[in-house]
Amino acid sequence: MLQRLFSVVILVTAAGTAAYGDAAPYLGRPVADVIDEFRDAGHPFAYSNALVTDDLIVSIEPREGEPAEIVRQILEPHQLTVRHEAGVYLVIPVKPAAEPVEPEKPVTRVKKPEIETITVSASQYEIGRDVASSRFLLDRRTIQTLPDVGEDPLRATHRLPGAAASGASAKTHFRGGEESEVGIVLNGQRLFDPFHVRDYQNIFSAIDARAIEGVEVFTGGFPVRYGDRMSGFVLMESMQADKPRHTELGISVFNTSVLTTGSKDDMRWLFSARRGNLDLIINPDFGRPKYYDVFAELAFELTPNATLSVNALYADDVVTIVLETDPAEREQVDSDTRNAQLWLQLDNQWSDELSTMTVFSVVAFENLRDGFLDDPEKMVATVRDERDVEQIAVRQDWTWRATDRHLVQWGVQFSYSEANYDYASTAEYFGLPALYPDLPDRVDRAAVANPNGGSYGAYVADRWKLSEKTIFEWGLRWDDQTYTGLVSDSQLSPRMSLLRKLGERTDLRLSWGRYHQSQGIHELQIEDGVTEFWPAQRADHLIAGIQHRFSNDVRLRLELFHKDMQDVRPRFENLFDPLGLIPELQPDRIRLEPSSAKSNGAEISIHRARGDWNWWASYTWSKATDEIEGRDEYRSWDQRHAVQGGFGWSNESWDVSLAASVHSGWPTTDLSLLQDGVDPDGEPDYIVVPGPRNALRYEHFASLDFRASRRFDVRRGTLSLFVEISNITDRSNVCCTDWDVADDQSVPVLDPSLDYWLPRLPAVGVLWEF
């Protein structure tokens with residue numbers, strides 16, 4: 001199947017090359033497209049979406065010249081120009097001739113190396129500026145107007161091709177990988193577990209969507225600069241101040257928030273604080289999910305070629321979740337979490353050719369989970385899980401532009417971490433759970449662990465422009481960890497990518513690479529009785545992608561991928577109910593020990609943004625399996641077919657969007673009740689036996705989501721009102737099965753009942769900007 005799909009790429013390539021002839025290189029194209037192409041070619045341009053908007057079109061054909069001169073010509077009719085500052089060509093308004101005073105300018109952040117250079121790797125999507133080669137681009141405003149629960153920037157990634165998500169969690173699976181295989185980066189810093197309600201589905205991220213300028217996503221094939229993850233990366237940059245001061249006050253069903261940003265002379269700042277409102281909305285009988293987060297950034301331009309930024313992210317949860325309110329069957333967990341992260345970033349532009357980025361960071365994380373389940377007909381259980389992590393790290397990345405045709409990047413990183421685990425739990429089983437043959441009547445588990453040690457990494461990437469149409473990059477990465485206590489577990493990861501321009505509007509990208517992922521110091525599976533770390537996992541990615549940009553602003557993209565995973569870490573899953581509050585003590589808990597795993601797929605997506613309208617659609621065919629004891633078993637998030645689509649319309653006053661998600665039902669397992677002899681009184685004994693794992697499937701998942709907002713000019717600033725409805729049709733999307741034994745039959749029979757993902761969720765809110 002995959003070979004036939006790869007042949008389609010070649011056919012589409014030939015058709016795309018033959019169908020489109022020469023055209024005017026610039027006239028009639030979006031200005032942002034032209035600048036992005038120069039930026040992709042390694043020229044350091046930077047601009048604000050507030051200045052270079054989607055509807056800005058090149059109105060003249062510029063004369064030949066250097067890229068900076070060409071951009072200067074196409075900007076001139078729009079009262080814009082470029083200024084060279086700190087090694088970057090910054091797009092700015094043309095200063096009126098009569099203006100006597102130089103206006104305040106924002107501090108210019110030196111662009112990160114991966115932004116200023118061509119995207120050679122396949123499988124990159126960017127949620128940020130305008131649509132460009134090999135990326136999906138949604139800016140800050142678009143992220144906010146997407147109909148996603150809680151205005152969460154990470155939930156926007158659920159709508160990308162190859163993503164598998166239930167909607168209950170802010171996390172997602174990329175191309176058949178586990179949720180833990182996706183790294184999250186903010187302003188150059190890899191974030192440590194940035195989620196709220198982490199002990200129950202990680203419902204929201206700790207990142208304010210309003211504080212984010214854009215989100216860039218790798219669903220595979222990422223460059224060697226990013227390591228210790230097997231599936232992908234989500235890269236976020238905070239918003240840039242485009243005026244001396246801007247403030248936002250918001251309140252909605254999900255959050256109450258304040259944000260302020262601004263700049264003065266050579267300094268800029270951003271402050272964002274949010275408080276979750278769910279504890280004020282939901283019935284207290286079902287718990288109190290109380291949480292808040294704060295993010296702050298302060299940047300100084302030390303010299304024209306050096307910028308220092310100080311970033312801090314703090315998240316605090318005091319959460320009580322109650323799944324069963326009946327006192328005779330009560331199930332409750334209290335979770336108390338504090339997560340503090342601070343990092344300093346120094347960007348230096350030593351010359352036009354050489355630049356560095358140095359990051360120093362510290363993390364302090366504490367989590368206490370205390371819960372109980374009191375159902376004498378099934379199980380009585382208690383758990384107390386306390387863990388904390390402290391980490392200090394430093395990283396330095398270098399970029400050397402040897403020539404216009406040769407770019408070298410290298411870097412090193414080091415971190416030292418200490419963790420403390422203190423875990424205790426008990427469980428007694430009755431009724432149906434007691435019929436599992438391999439489950440003891442009572443479980444008592446207690447464990448303590450105090451791992452500590454370092455993590456090291458180094459990489460080099462070498463990029464060559466072989467011709468005007470071909471760019472090749474190779475890279476090599478080395479990683480090692482000492483806190484695992486394993487001998488000789490260092491990892492070496494070679495990667496290669498090729499970009500071939502097949503025409504003015506058509507790009508072909510090929511990527512192959514090896515990706516390793518170690519078990520994080522905070523990921524010890526102590527709740528399941530495992531007190532040792534596993535060796536690093538490995539995944540080999542092979543990706544082929546082609547993208548064509550039509551003259552009417554339609555972008556079409558086809559991508560094929562194959563992921564081969566080895567040294568797969570044993571993991572624990574619940575066969576029937578992944579939503580339990582104390583999942584490690586549930587009777588359906590099993591340990592999986594795959595010898596390997598595979599994921600294959602094809603993604604096709606189409607997008608158009610012109611004027612007030614934009615729309616997008618994608619289809620993904622994929623298959624994700626584990627090899628266990630010589631046979632292939634579907635991974636629990638395997639979805640053979642997935643369709644995403646939606647549209648948005650906006651003008652000066654309105655933003656309206658509608659999005660749909662449909663995918664094949666996730667796999668599930670059957671359960672059988674079998675007679676197993678007789679007891680001493682001659683009565684039959686029974687056991688329950690699960691069927692072949694993941695041999696069945698739930699019905700397909702479908703959700704239609706809507707959002708509309710209206711802006712009003714007020715005496716000071718603007719006031720926006722919005723309404724959002726997730727799962728408009730209130731479709732019952734099955735998530736899990738609760739098994740019981742019917743007690744009103746002469747012969748015992750199993751009585752299954754279904755539970756569901758999110759129902760219809762309406763939300764309203766108001767935002768004041770000034």
# chains A, B, ... in the order shown; residues from 1 in each chain; ligands from 1

call {"tool": "residues_around", "arguments": {"residues": "stretch 385-394 of chain A", "least_positions_apart": "5", "cutoff": "10 Å", "atoms": "only C-alpha atoms", "output": "PyMOL selection string"}}
result
chain A and resi 192+335-345+358-371+412-425+446-456+521-522+526-527

call {"tool": "select_by_dssp", "arguments": {"residues": "stretch 494-739 of chain A", "states": "strand (DSSP E)", "output": "VMD selection string"}}
result
chain A and resid 494 to 501 506 to 517 537 to 549 554 to 566 571 to 574 589 to 592 596 to 610 613 to 628 631 to 634 641 to 650 654 to 663 667 to 668 671 to 678 684 to 690 696 to 697 701 to 713 718 to 726 734 to 739

call {"tool": "select_by_dssp", "arguments": {"residues": "stretch 40-89 of chain A", "states": "alpha helix (DSSP H)", "output": "ChimeraX atom specification"}}
result
/A:40,67-75

call {"tool": "closest_atom_pairs", "arguments": {"of": "stretch 629-704 of chain A", "to": "stretch 715-722 of chain A", "cutoff": "10 Å", "atoms": "only C-alpha atoms", "output": "CSV"}}
result
residue,atom,partner,partner_atom,distance
A:Ser653,CA,A:Ser720,CA,8.8
A:Trp654,CA,A:Ser720,CA,9.2
A:Asp655,CA,A:Phe722,CA,8.9
A:Val656,CA,A:Phe722,CA,9.5

call {"tool": "residues_around", "arguments": {"residues": "A:Trp739", "least_positions_apart": "4", "cutoff": "7 Å", "atoms": "only C-alpha atoms", "output": "count of residues only"}}
result
4

call {"tool": "closest_residue", "arguments": {"among": "A:Leu435, A:Gln547, A:Ala164, A:Asp208", "to": "A:Tyr686", "atoms": "only C-alpha atoms"}}
result
A:Leu435

call {"tool": "closest_residue", "arguments": {"among": "A:Gly150, A:Pro44, A:Gly221, A:Pro759", "to": "A:Lys563", "atoms": "only C-alpha atoms"}}
result
A:Gly221

call {"tool": "closest_residue", "arguments": {"among": "A:Phe647, A:Phe572, A:Phe295, A:Phe770", "to": "A:Arg245", "atoms": "only C-alpha atoms"}}
result
A:Phe770

call {"tool": "closest_atom_pairs", "arguments": {"of": "stretch 595-681 of chain A", "to": "stretch 578-585 of chain A", "cutoff": "12 Å", "atoms": "only C-alpha atoms", "output": "JSON lines"}}
result
{"residue": "A:Ser636", "atom": "CA", "partner": "A:Pro578", "partner_atom": "CA", "distance": 10.1}
{"residue": "A:Trp637", "atom": "CA", "partner": "A:Pro578", "partner_atom": "CA", "distance": 11.4}
{"residue": "A:Thr668", "atom": "CA", "partner": "A:Pro578", "partner_atom": "CA", "distance": 10.9}

call {"tool": "atom_distance", "arguments": {"atom1": "atom CA of A:Leu758", "atom2": "atom CA of A:Ile207"}}
result
21.7 Å

call {"tool": "closest_residue", "arguments": {"among": "A:Trp768, A:Tyr515, A:Phe38, A:Phe701", "to": "A:Ser257", "atoms": "only C-alpha atoms"}}
result
A:Trp768

call {"tool": "closest_residue", "arguments": {"among": "A:Lys290, A:Arg330, A:Arg571, A:Arg210", "to": "A:Gln144", "atoms": "only C-alpha atoms"}}
result
A:Arg210

call {"tool": "closest_residue", "arguments": {"among": "A:Ser231, A:Gln745, A:Asn694, A:Asn733", "to": "A:Ala163", "atoms": "only C-alpha atoms"}}
result
A:Ser231

call {"tool": "atom_distance", "arguments": {"atom1": "atom CA of A:Leu767", "atom2": "atom CA of A:Asp55"}}
result
25.3 Å
